[in-house]
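Only one structure is covered here, and it is reproduced in the block below.
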Amino acid sequence: MSLATILGVLSGFGLFVISILLSTDNYALFVNWPSFIMVLGGTFAATFISFEPRYVFNALKVMSSILFNSEISRAILTHEVGRIIRWGYIIQKNGLPGLESDAQKVRKQDRFLGYGIDLVVSGYTGQEVREILANTVETTFQRQVVQADILKNMGATAPAFGMIGTLVGLIIMLDNMGSDPSQLGPGLAVALVTTLYGVLAARLIFLPAASKIKQREEIIRYRNYLVAEGLALLAERKSPRYIQDRMNSYLDPSIHFSIDKMRGRSGE
Amino acid sequence: MSLATILGVLSGFGLFVISILLSTDNYALFVNWPSFIMVLGGTFAATFISFEPRYVFNALKVMSSILFNSEISRAILTHEVGRIIRWGYIIQKNGLPGLESDAQKVRKQDRFLGYGIDLVVSGYTGQEVREILANTVETTFQRQVVQADILKNMGATAPAFGMIGTLVGLIIMLDNMGSDPSQLGPGLAVALVTTLYGVLAARLIFLPAASKIKQREEIIRYRNYLVAEGLALLAERKSPRYIQDRMNSYLDPSIHFSIDKMRGRSGE
Amino acid sequence: MSLATILGVLSGFGLFVISILLSTDNYALFVNWPSFIMVLGGTFAATFISFEPRYVFNALKVMSSILFNSEISRAILTHEVGRIIRWGYIIQKNGLPGLESDAQKVRKQDRFLGYGIDLVVSGYTGQEVREILANTVETTFQRQVVQADILKNMGATAPAFGMIGTLVGLIIMLDNMGSDPSQLGPGLAVALVTTLYGVLAARLIFLPAASKIKQREEIIRYRNYLVAEGLALLAERKSPRYIQDRMNSYLDPSIHFSIDKMRGRSGE
Amino acid sequence: MSLATILGVLSGFGLFVISILLSTDNYALFVNWPSFIMVLGGTFAATFISFEPRYVFNALKVMSSILFNSEISRAILTHEVGRIIRWGYIIQKNGLPGLESDAQKVRKQDRFLGYGIDLVVSGYTGQEVREILANTVETTFQRQVVQADILKNMGATAPAFGMIGTLVGLIIMLDNMGSDPSQLGPGLAVALVTTLYGVLAARLIFLPAASKIKQREEIIRYRNYLVAEGLALLAERKSPRYIQDRMNSYLDPSIHFSIDKMRGRSGE
Amino acid sequence: MSLATILGVLSGFGLFVISILLSTDNYALFVNWPSFIMVLGGTFAATFISFEPRYVFNALKVMSSILFNSEISRAILTHEVGRIIRWGYIIQKNGLPGLESDAQKVRKQDRFLGYGIDLVVSGYTGQEVREILANTVETTFQRQVVQADILKNMGATAPAFGMIGTLVGLIIMLDNMGSDPSQLGPGLAVALVTTLYGVLAARLIFLPAASKIKQREEIIRYRNYLVAEGLALLAERKSPRYIQDRMNSYLDPSIHFSIDKMRGRSGE
């Protein structure tokens with residue numbers, strides 16, 4: 001579970017609820033089902049007109065994934081460099097067939113890596129591996145980022161439907177004003193609840209989810225480019241040390257992979 | 001018919017109508033022809049000044065197309081890869097003339113593919129096919145995306161004319177306020193209906209239509225690039241297996257095309 | 001004359017005037033010279049500080065051009081392809097000097113084409129022609145698009161000065177409120193007229209003009225790239241059929257130029 | 001002096017002052033020192049947090065430069081082409097050393113041109129001259145454009161501080177409303193003056209200055225690319241006529257430089 | 001300490017406090033803990049949902065760094081050029097091993113430069129050094145700029161939560177209006193304080209911090225590209241004078257490095 005996301009959601013709505021409970025006894029005022037249906041219903045209606053439904057369902061499924069931790073951390077990047085370098089040594093010793101046993105394990109866990117290693121084993125040149133995998137990385141990223149775009153779009157639509165709901169309430173209220181002016185205040189209060197729902201849904205749900213999903217996809221793309229570069233260097237039969245220098249250029253200097261240190265450590 | 005689009009439109013307007021019917025008996029309040037004419041008329045007037053009329057008519061025609069399903073789905077992408085690979089085998093056996101019978105069928109159904117296959121049959125090199133078709137894909141996309149731009153522009157113009165209508169109503173109402181203050185409320189209600197129309201037209205019609213059209217054109221462009229790459233590889237006389245690996249880089253790993261599986265299946 | 005533009009302007013302002021005449025007898029309310037001067041004067045003052053005056057005058061001159069039809073239509077693109085292909089045949093028969101008589105005619109009508117044909121006749125290579133003309137197309141486009149940018153800027157400035165005028169009116173009115181509260185309504189009405197002018201000027205004049213000018217310049221750029229590609233192919237002494245295939249990649253498949261059809265037609 | 005800028009500033013503020021004088025006798029209402037300090041002070045405080053101080057001072061210095069005319073006009077572009085072509089003839093006659101006397105004059109007037117001519121005289125190849133000068137042009141442009149960015153940022157900050165000032169005034173006024181409701185109007189009037197100052201400062205000073213500075217820097221960049229191309233062609237020892245054709249691609253066809261005309265004129 | 005930043009923060013908040021103290025005795029009105037918690041709490045909650053927590057903590061740590069001076073000034077750029085040129089002379093005399101003693105010192109101070117010099121000493125070609133270091137510069141910049149993006153996002157979120165708080169206050173107040181209309185003013189005043197906090201936090205803290213951090217990272221990237229180019233030229237064994245001309249293209253002409261001047265100075 002992603003503690004930060006869950007705490008964020010809980011504390012965001014918690015602050016909101018507490019500030020209401022402290023300010024008024026009439027907290028029922030803030031629970032208004034028609035407003036709720038107007039905002040969420042309108043947002044979903046507009047979203048299903050705006051995007052193909054299978055993308056929308058995907059976006060909602062991915063949205064729930066932000067409650068869990070991302071699989072990729074800084075440590076994993078160094079780990080990937082180490083793995084590629086190890087493969088470099090295997091190729092130096094046993095040639096490409098030596099990769100086969102590792103390749104089989106990898107294929108099940110990680111489709112991208114499996115596809116890449118298959119290209120290397122099939123004997124594609126480094127440049128071909130680089131081009132083919134770069135194309136895979138970009139098209140995968142574009143497919144995934146659509147979901148962040150849909151959520152961002154919902155984040156822009158929700159306040160608009162909040163405003164539409166408020167306008168409806170306002171018009172009805174103003175029309176009645178002549179007959180009963182004392183209802184001006186409470187009527188306006190009810191109308192504004194819809195705006196509140198729209199802004200709240202956008203700022204605590206849709207926009208943050210879009211942001212986190214996009215950030216995670218960018219990290220995955222980054223990791224994939226790193227791996228693709230490593231596989232291309234393997235296909236070019238570069239020395240492990242060359243691979244190390246080249247792949248380190250993707251890492252923060254503080255986590256640069258060092259063959260010497262690895263040896264030292266494994267030699268202990 | 002595209003169920004999602006139609007349900008989206010119906011439920012969007014339905015929610016709106018129901019919420020009004022539940023809130024007030026005076027629902028005639030929300031039907032205001034002058035407001036309607038002001039918003040739609042103003043939007044169309046501004047659009048015809050902003051864009052050449054033949055593009056505007058195109059945009060409106062395309063807008064109605066989103067009520068129908070898109071022709072391109074994920075399954076079609078794998079199908080395209082399969083077709084190109086089959087052509088690869090034909091060329092291996094019978095040379096380029098072997099494509100002629102397929103080419104004739106294709107020319108009628110799909111102008112882009114027909115143009116591409118003509119280039120391959122005419123003996124252009126792979127690089128020439130790639131460049132020429134890439135140019136076709138991009139210029140086609142830019143021609144089509146203008147329509148999404150026009151609808152997006154209308155989505156920005158409609159609320160502005162809603163606001164203009166509200167300002168007109170407001171000014172007239174405020175001017176009369178001295179003589180009859182009790183009319184303040186109802187007058188303001190009528191003025192706000194125009195804003196409501198503008199926002200509603202933008203959020204449930206123009207912006208979603210622009211979004212869906214753009215998304216569909218992007219998918220078509222994606223499919224066309226896939227096909228163009230395949231045709232270029234055919235022109236380069238690459239082996240079917242090379243074509244498979246190269247084109248798979250455009251597909252999600254879960255739908256990668258596999259010659260071996262196809263054979264197994266057709267061998268059953 | 002561009003019927004769409006003129007009808008757009010007339011119907012836009014017409015709707016506005018009619019809706020006012022129907023709603024109030026006191027239509028003098030909407031004619032307020034100080035507001036008019038504030039919005040237009042402020043917009044022009046800010047524009048002359050923002051841009052060099054000769055560009056501003058150009059922008060205003062170009063703005064009036066949208067009342068006339070654009071010179072470039074779809075038919076013209078096919079026509080250009082035909083002309084280049086005809087020149088290809090002339091070069092095949094008589095060499096580059098054969099172009100001279102056509103070149104002289106063209107030079108007077110169309111400076112860009114004249115410049116391009118001069119390059120071809122001077123014996124520049126295809127790549128040189130392509131680079132030099134691409135540079136001309138881009139620098140010309142950038143020079144022209146400044147005018148659309150200026151009008152877009154005016155479209156953003158006009159509502160801001162509308163708001164400034166309204167603020168001035170509001171401040172004066174509020175200051176007097178203590179002494180004579182009955183003037184609140186009419187005072188506010190007058191103040192809001194300035195906002196109305198600003199939004200109206202932006203939405204019916206400046207923004208649409210900017211949009212149409214930009215669209216037209218993009219079409220001209222498109223046509224110029226098409227012509228430049230054709231001239232480069234002529235300089236490379238490509239066969240007319242090659243030129244046809246290459247240039248068709250710029251056209252919609254439904255208007256592809258076909259040498260065979262042209263021959264059939266001229267043979268009738 | 002740049003007449004347009006000065007007239008723009010004077011007429012912008014003039015219109016504003018006149019419209020106030022005509023509307024109210026109590027024009028002292030619009031002179032409010034605390035509002036003035038709040039808007040300008042807040043804007044400068046935020047700007048000094050946002051940017052390194054030496055860039056801010058530079059931006060203010062450059063801002064005053066828009067009161068003067070730009071040094072670069074269309075005529076100068078043709079003049080630059082002529083100068084480069086003249087140098088081309090000198091190199092044809094006397095080789096690179098022939099440029100030395102001109103180079104010395106130029107070095108003092110125009111550092112960019114001086115640096116470029118030094119590269120040519122030092123014997124760099126055309127491609128090296130092109131790359132080195134392109135780098136100089138871009139890095140110079142990016143250094144200069146920061147100042148336009150700062151002013152644009154101030155143009156966004158000023159209305160925000162106007163709004164902050166108005167909020168402060170509004171809060172104080174609303175809090176007093178219970179005790180003395182007749183002060184509502186005048187209090188609100190004073191509060192709104194701050195918003196007015198913010199919008200006015202943004203629309204008549206900061207944003208126009210940012211726009212003009214950016215436009216001027218773009219023109220300088222354009223001229224520098226033209227000169228860089230010319231110097232690269234000199235380093236490549238291209239013929240003057242080739243230089244003419246190549247550099248003309250940067251100019252509007254109506255001001256194309258023509259060696260023949262120049263000769264005709266100097267021959268008179 | 002960065003005087004400008006600190007003065008900016010102090011004077012920004014100072015102006016604000018003084019203007020309040022001068023305008024009202026009831027300054028407690030502007031200290032409202034619930035509003036404060038709503039704005040800051042909501043902003044942080046949304047930020048932790050939007051971004052992985054370790055990036056958020058980084059962003060806050062970096063935010064405090066703007067209270068200190070940047071390490072990179074114009075003088076340092078010239079200094080870097082001088083150092084690379086000095087290394088060029090060392091390589092001319094003693095070959096690559098001559099760099100070793102300098103390399104050791106540098107590795108501890110500056111990881112980027114240490115990594116780069118290691119590449120040169122390891123014998124990579126100029127082109128390899130250029131590509132590897134360019135990759136390092138870009139990936140480092142992208143990692144760092146995330147922090148500016150997070151702060152910018154907080155700058156957009158804070159006013160939204162200010163508005164949410166104001167809506168909550170407004171709804172409660174309007175609901176009570178029927179029972180006690182005299183509380184309208186003070187209630188609205190309290191509600192607006194939340195909006196004030198949100199705008200103030202955005203305009204004096206989050207947005208300026210984001211701007212300054214981004215600017216500093218851009219300067220670091222610029223310096224790193226300069227150094228990377230220099231190291232690549234060293235790897236290509238270019239002459240010191242060539243290195244000088246090439247690297248000067250990154251500097252403002254007024255601070256161009258000159259070997260001759262340096263010699264003259266050191267010869268004194």
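Each chain of the structure tokens is named A, B, ... in the order shown, its residues numbered from 1; ligands are numbered from 1 in display order.
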Determine, counting only C-alpha atoms, which protein, DNA and RNA residues have an atom within 8 Å of an atom of Met63 (chain D); residues of the same chain fewer than 6 positions away are not included. Present the result as a count of residues only. 3
Polymer residues at most 10 Å from Thr136 (chain C), only C-alpha atoms, same-chain spacing of 3 or more positions, as an mmCIF file with all heavy atoms, in the first residue's frame:
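Once everything was written out, this is part15.cif:
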data_model
loop_
_atom_site.group_PDB
_atom_site.id
_atom_site.type_symbol
_atom_site.label_atom_id
_atom_site.label_comp_id
_atom_site.auth_asym_id
_atom_site.auth_seq_id
_atom_site.Cartn_x
_atom_site.Cartn_y
_atom_site.Cartn_z
ATOM 1 N N PHE C 112 7.266 33.832 -54.958
ATOM 2 C CA PHE C 112 7.884 32.634 -54.373
ATOM 3 C C PHE C 112 8.229 31.628 -55.464
ATOM 4 O O PHE C 112 9.343 31.125 -55.541
ATOM 5 C CB PHE C 112 6.944 31.997 -53.345
ATOM 6 C CG PHE C 112 7.444 30.700 -52.816
ATOM 7 C CD1 PHE C 112 8.471 30.670 -51.886
ATOM 8 C CD2 PHE C 112 6.910 29.492 -53.251
ATOM 9 C CE1 PHE C 112 8.950 29.475 -51.398
ATOM 10 C CE2 PHE C 112 7.395 28.288 -52.766
ATOM 11 C CZ PHE C 112 8.418 28.284 -51.838
ATOM 12 N N TYR C 115 11.121 32.865 -57.629
ATOM 13 C CA TYR C 115 12.406 32.694 -56.956
ATOM 14 C C TYR C 115 12.837 31.231 -57.054
ATOM 15 O O TYR C 115 13.996 30.912 -57.372
ATOM 16 C CB TYR C 115 12.242 33.124 -55.496
ATOM 17 C CG TYR C 115 13.431 32.948 -54.599
ATOM 18 C CD1 TYR C 115 14.697 33.405 -54.940
ATOM 19 C CD2 TYR C 115 13.277 32.338 -53.355
ATOM 20 C CE1 TYR C 115 15.760 33.257 -54.084
ATOM 21 C CE2 TYR C 115 14.344 32.185 -52.491
ATOM 22 C CZ TYR C 115 15.593 32.646 -52.858
ATOM 23 O OH TYR C 115 16.651 32.482 -52.019
ATOM 24 N N GLY C 116 11.875 30.315 -56.831
ATOM 25 C CA GLY C 116 12.181 28.885 -56.856
ATOM 26 C C GLY C 116 12.622 28.435 -58.234
ATOM 27 O O GLY C 116 13.616 27.714 -58.393
ATOM 28 N N ARG C 130 15.843 22.480 -52.061
ATOM 29 C CA ARG C 130 14.959 22.123 -50.949
ATOM 30 C C ARG C 130 15.283 22.953 -49.709
ATOM 31 O O ARG C 130 14.400 23.526 -49.069
ATOM 32 C CB ARG C 130 15.113 20.626 -50.655
ATOM 33 C CG ARG C 130 13.974 20.042 -49.862
ATOM 34 C CD ARG C 130 14.080 18.524 -49.760
ATOM 35 N NE ARG C 130 13.547 17.802 -50.897
ATOM 36 C CZ ARG C 130 14.238 17.058 -51.742
ATOM 37 N NH1 ARG C 130 15.544 16.914 -51.569
ATOM 38 N NH2 ARG C 130 13.666 16.455 -52.749
ATOM 39 N N GLU C 131 16.569 23.060 -49.369
ATOM 40 C CA GLU C 131 16.977 23.807 -48.168
ATOM 41 C C GLU C 131 16.677 25.301 -48.297
ATOM 42 O O GLU C 131 16.139 25.920 -47.387
ATOM 43 C CB GLU C 131 18.477 23.636 -47.917
ATOM 44 C CG GLU C 131 18.854 22.296 -47.311
ATOM 45 C CD GLU C 131 20.365 22.162 -47.213
ATOM 46 O OE1 GLU C 131 21.073 23.197 -47.302
ATOM 47 O OE2 GLU C 131 20.844 21.035 -47.074
ATOM 48 N N ILE C 132 17.052 25.882 -49.449
ATOM 49 C CA ILE C 132 16.875 27.322 -49.617
ATOM 50 C C ILE C 132 15.391 27.668 -49.578
ATOM 51 O O ILE C 132 14.965 28.592 -48.874
ATOM 52 C CB ILE C 132 17.513 27.792 -50.950
ATOM 53 C CG1 ILE C 132 19.035 27.639 -50.871
ATOM 54 C CG2 ILE C 132 17.133 29.229 -51.243
ATOM 55 C CD1 ILE C 132 19.755 28.016 -52.155
ATOM 56 N N LEU C 133 14.566 26.881 -50.292
ATOM 57 C CA LEU C 133 13.135 27.209 -50.324
ATOM 58 C C LEU C 133 12.467 26.923 -48.977
ATOM 59 O O LEU C 133 11.593 27.668 -48.549
ATOM 60 C CB LEU C 133 12.437 26.446 -51.448
ATOM 61 C CG LEU C 133 12.786 26.923 -52.858
ATOM 62 C CD1 LEU C 133 11.960 26.166 -53.890
ATOM 63 C CD2 LEU C 133 12.543 28.431 -53.021
ATOM 64 N N THR C 139 10.653 31.395 -43.031
ATOM 65 C CA THR C 139 10.834 32.789 -42.631
ATOM 66 C C THR C 139 9.653 33.632 -43.090
ATOM 67 O O THR C 139 9.219 34.539 -42.376
ATOM 68 C CB THR C 139 12.153 33.377 -43.166
ATOM 69 O OG1 THR C 139 12.168 33.243 -44.586
ATOM 70 C CG2 THR C 139 13.358 32.666 -42.592
ATOM 71 N N THR C 140 9.096 33.322 -44.268
ATOM 72 C CA THR C 140 7.903 34.041 -44.716
ATOM 73 C C THR C 140 6.744 33.796 -43.765
ATOM 74 O O THR C 140 6.054 34.726 -43.332
ATOM 75 C CB THR C 140 7.493 33.575 -46.129
ATOM 76 O OG1 THR C 140 8.597 33.729 -47.004
ATOM 77 C CG2 THR C 140 6.309 34.385 -46.643
ATOM 78 N N PHE C 141 6.542 32.526 -43.393
ATOM 79 C CA PHE C 141 5.450 32.185 -42.495
ATOM 80 C C PHE C 141 5.604 32.923 -41.164
ATOM 81 O O PHE C 141 4.648 33.485 -40.641
ATOM 82 C CB PHE C 141 5.430 30.676 -42.264
ATOM 83 C CG PHE C 141 4.353 30.225 -41.333
ATOM 84 C CD1 PHE C 141 3.019 30.265 -41.714
ATOM 85 C CD2 PHE C 141 4.661 29.774 -40.052
ATOM 86 C CE1 PHE C 141 2.023 29.849 -40.842
ATOM 87 C CE2 PHE C 141 3.670 29.365 -39.183
ATOM 88 C CZ PHE C 141 2.344 29.405 -39.577
ATOM 89 N N GLN C 142 6.818 32.929 -40.638
ATOM 90 C CA GLN C 142 7.019 33.588 -39.343
ATOM 91 C C GLN C 142 6.775 35.092 -39.424
ATOM 92 O O GLN C 142 6.266 35.691 -38.474
ATOM 93 C CB GLN C 142 8.434 33.310 -38.831
ATOM 94 C CG GLN C 142 8.459 32.070 -37.949
ATOM 95 C CD GLN C 142 9.795 31.406 -37.940
ATOM 96 O OE1 GLN C 142 10.836 32.060 -38.011
ATOM 97 N NE2 GLN C 142 9.799 30.092 -37.862
ATOM 98 N N ARG C 221 1.628 28.245 -46.411
ATOM 99 C CA ARG C 221 2.871 27.542 -46.113
ATOM 100 C C ARG C 221 2.832 26.120 -46.675
ATOM 101 O O ARG C 221 3.793 25.627 -47.249
ATOM 102 C CB ARG C 221 3.095 27.488 -44.601
ATOM 103 C CG ARG C 221 4.355 26.726 -44.229
ATOM 104 C CD ARG C 221 4.681 26.782 -42.763
ATOM 105 N NE ARG C 221 3.619 26.222 -41.947
ATOM 106 C CZ ARG C 221 3.755 25.936 -40.661
ATOM 107 N NH1 ARG C 221 4.894 26.192 -40.058
ATOM 108 N NH2 ARG C 221 2.757 25.441 -39.978
ATOM 109 N N ASN C 224 3.286 26.181 -50.313
ATOM 110 C CA ASN C 224 4.656 26.504 -50.670
ATOM 111 C C ASN C 224 5.589 25.316 -50.461
ATOM 112 O O ASN C 224 6.506 25.090 -51.257
ATOM 113 C CB ASN C 224 5.149 27.713 -49.865
ATOM 114 C CG ASN C 224 4.554 29.012 -50.378
ATOM 115 O OD1 ASN C 224 3.869 29.031 -51.409
ATOM 116 N ND2 ASN C 224 4.788 30.102 -49.671
ATOM 117 N N TYR C 225 5.363 24.543 -49.382
ATOM 118 C CA TYR C 225 6.184 23.342 -49.190
ATOM 119 C C TYR C 225 5.963 22.356 -50.341
ATOM 120 O O TYR C 225 6.898 21.728 -50.828
ATOM 121 C CB TYR C 225 5.863 22.654 -47.861
ATOM 122 C CG TYR C 225 6.741 23.108 -46.726
ATOM 123 C CD1 TYR C 225 6.205 23.713 -45.604
ATOM 124 C CD2 TYR C 225 8.119 22.942 -46.782
ATOM 125 C CE1 TYR C 225 7.007 24.134 -44.557
ATOM 126 C CE2 TYR C 225 8.934 23.360 -45.745
ATOM 127 C CZ TYR C 225 8.374 23.964 -44.637
ATOM 128 O OH TYR C 225 9.181 24.381 -43.618
ATOM 129 N N ALA C 228 7.806 23.717 -53.279
ATOM 130 C CA ALA C 228 9.252 23.608 -53.075
ATOM 131 C C ALA C 228 9.719 22.180 -53.319
ATOM 132 O O ALA C 228 10.757 21.945 -53.953
ATOM 133 C CB ALA C 228 9.619 24.049 -51.653
ATOM 134 N N ARG D 246 21.449 32.267 -51.508
ATOM 135 C CA ARG D 246 21.240 31.588 -50.226
ATOM 136 C C ARG D 246 20.732 32.571 -49.162
ATOM 137 O O ARG D 246 19.821 32.255 -48.408
ATOM 138 C CB ARG D 246 22.583 30.998 -49.792
ATOM 139 C CG ARG D 246 22.475 29.967 -48.727
ATOM 140 C CD ARG D 246 22.573 28.569 -49.297
ATOM 141 N NE ARG D 246 22.012 27.601 -48.379
ATOM 142 C CZ ARG D 246 22.081 26.287 -48.557
ATOM 143 N NH1 ARG D 246 22.664 25.776 -49.610
ATOM 144 N NH2 ARG D 246 21.518 25.486 -47.698
ATOM 145 N N MET D 247 21.330 33.755 -49.082
ATOM 146 C CA MET D 247 20.924 34.716 -48.053
ATOM 147 C C MET D 247 19.575 35.340 -48.379
ATOM 148 O O MET D 247 18.829 35.706 -47.478
ATOM 149 C CB MET D 247 21.994 35.795 -47.882
ATOM 150 C CG MET D 247 23.293 35.224 -47.339
ATOM 151 S SD MET D 247 24.510 36.497 -46.934
ATOM 152 C CE MET D 247 23.889 37.098 -45.351
ATOM 153 N N ASN D 248 19.274 35.488 -49.677
ATOM 154 C CA ASN D 248 17.967 36.046 -50.040
ATOM 155 C C ASN D 248 16.824 35.201 -49.483
ATOM 156 O O ASN D 248 15.727 35.710 -49.259
ATOM 157 C CB ASN D 248 17.838 36.142 -51.565
ATOM 158 C CG ASN D 248 18.365 37.465 -52.091
ATOM 159 O OD1 ASN D 248 18.557 38.413 -51.318
ATOM 160 N ND2 ASN D 248 18.613 37.534 -53.389
ATOM 161 N N SER D 249 17.095 33.900 -49.232
ATOM 162 C CA SER D 249 16.016 33.060 -48.724
ATOM 163 C C SER D 249 15.562 33.515 -47.338
ATOM 164 O O SER D 249 14.523 33.098 -46.858
ATOM 165 C CB SER D 249 16.438 31.592 -48.696
ATOM 166 O OG SER D 249 17.334 31.348 -47.642
ATOM 167 N N TYR D 250 16.352 34.374 -46.673
ATOM 168 C CA TYR D 250 15.943 34.922 -45.370
ATOM 169 C C TYR D 250 15.108 36.196 -45.516
ATOM 170 O O TYR D 250 14.529 36.671 -44.557
ATOM 171 C CB TYR D 250 17.165 35.267 -44.511
ATOM 172 C CG TYR D 250 17.862 34.083 -43.909
ATOM 173 C CD1 TYR D 250 18.838 33.386 -44.598
ATOM 174 C CD2 TYR D 250 17.544 33.655 -42.623
ATOM 175 C CE1 TYR D 250 19.482 32.291 -44.038
ATOM 176 C CE2 TYR D 250 18.188 32.573 -42.048
ATOM 177 C CZ TYR D 250 19.154 31.894 -42.763
ATOM 178 O OH TYR D 250 19.780 30.822 -42.198
ATOM 179 N N LEU D 251 15.095 36.777 -46.710
ATOM 180 C CA LEU D 251 14.464 38.089 -46.884
ATOM 181 C C LEU D 251 13.111 37.960 -47.574
ATOM 182 O O LEU D 251 12.871 37.022 -48.328
ATOM 183 C CB LEU D 251 15.358 38.991 -47.737
ATOM 184 C CG LEU D 251 16.782 39.209 -47.241
ATOM 185 C CD1 LEU D 251 17.507 40.154 -48.187
ATOM 186 C CD2 LEU D 251 16.778 39.773 -45.831
ATOM 187 N N ASP D 252 12.245 38.933 -47.330
ATOM 188 C CA ASP D 252 11.005 39.031 -48.076
ATOM 189 C C ASP D 252 11.353 39.260 -49.542
ATOM 190 O O ASP D 252 12.243 40.065 -49.855
ATOM 191 C CB ASP D 252 10.208 40.225 -47.522
ATOM 192 C CG ASP D 252 8.813 40.262 -48.083
ATOM 193 O OD1 ASP D 252 7.922 39.648 -47.478
ATOM 194 O OD2 ASP D 252 8.626 40.898 -49.145
ATOM 195 N N PRO D 253 10.664 38.540 -50.476
ATOM 196 C CA PRO D 253 11.022 38.695 -51.896
ATOM 197 C C PRO D 253 11.082 40.151 -52.349
ATOM 198 O O PRO D 253 11.875 40.485 -53.225
ATOM 199 C CB PRO D 253 9.894 37.935 -52.613
ATOM 200 C CG PRO D 253 9.464 36.889 -51.637
ATOM 201 C CD PRO D 253 9.634 37.513 -50.277
#
Residues of chain B no more than 9 Å from chain C, counting only C-alpha atoms: send them over as JSON, numbers by chain. {"B": [34, 35, 37, 38, 41, 42, 43, 44, 45, 46, 47, 48, 49, 50, 51, 52, 53, 111, 112, 115, 119, 128, 132, 133, 134, 135, 136, 137, 138, 139, 140, 143, 157, 160, 161, 163, 164, 165, 167, 168, 169, 170, 171, 172, 173, 174, 175, 176, 177, 178]}
Using CA of Lys238 (chain C) and CA of Glu218 (chain C) as the two end points, give the distance in Å to one decimal.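 That distance, rounded to one decimal, is 27.7 Å.
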Please, which residues of region 82-220 of chain D, numbered as in this document, come out alpha helix (DSSP H) from DSSP, as a ChimeraX atom specification? /D:82-94,100-109,111-121,126-177,184-201,207-220
Length of the CA of Glu80 (chain A) to CA of Ser101 (chain A) vector [Å]: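 That distance, rounded to one decimal, is 17.3 Å.
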Tell me which of A:Met262, A:Tyr55, A:Ile255, A:Gly198 sits closest to Leu151 (chain A), counting only C-alpha atoms. A:Tyr55
Env of Phe257 (chain A): 8 Å cut, atoms = only C-alpha atoms, seq-sep filter 5 positions within chain, self excluded. Answer as a PyMOL selection string. chain A and resi 78+81-82+244+248
Expected file contents, prior selection, N, CA, C and O atoms, as a compact mmCIF listing (two decimals), in the first residue's frame:
# COMPACT_ATOMS: atom_id res chain seq x y z
N THR A 78 19.89 0.94 -10.33
CA THR A 78 21.25 0.40 -10.18
C THR A 78 21.24 -1.12 -10.38
O THR A 78 22.15 -1.69 -11.01
N VAL A 81 21.28 -1.96 -14.04
CA VAL A 81 22.61 -1.81 -14.62
C VAL A 81 23.46 -3.02 -14.28
O VAL A 81 24.15 -3.60 -15.14
N GLY A 82 23.39 -3.46 -13.02
CA GLY A 82 24.17 -4.62 -12.58
C GLY A 82 23.80 -5.86 -13.39
O GLY A 82 24.69 -6.61 -13.84
N GLN A 244 29.09 -0.22 -18.36
CA GLN A 244 28.96 0.46 -17.07
C GLN A 244 29.02 1.98 -17.25
O GLN A 244 28.15 2.72 -16.76
N ASN A 248 25.78 4.32 -16.62
CA ASN A 248 25.86 5.23 -15.47
C ASN A 248 25.40 6.63 -15.82
O ASN A 248 24.96 7.38 -14.94
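The space between CA of Ile85 (chain C) and CA of Ile243 (chain C) spans 6.7 Å.
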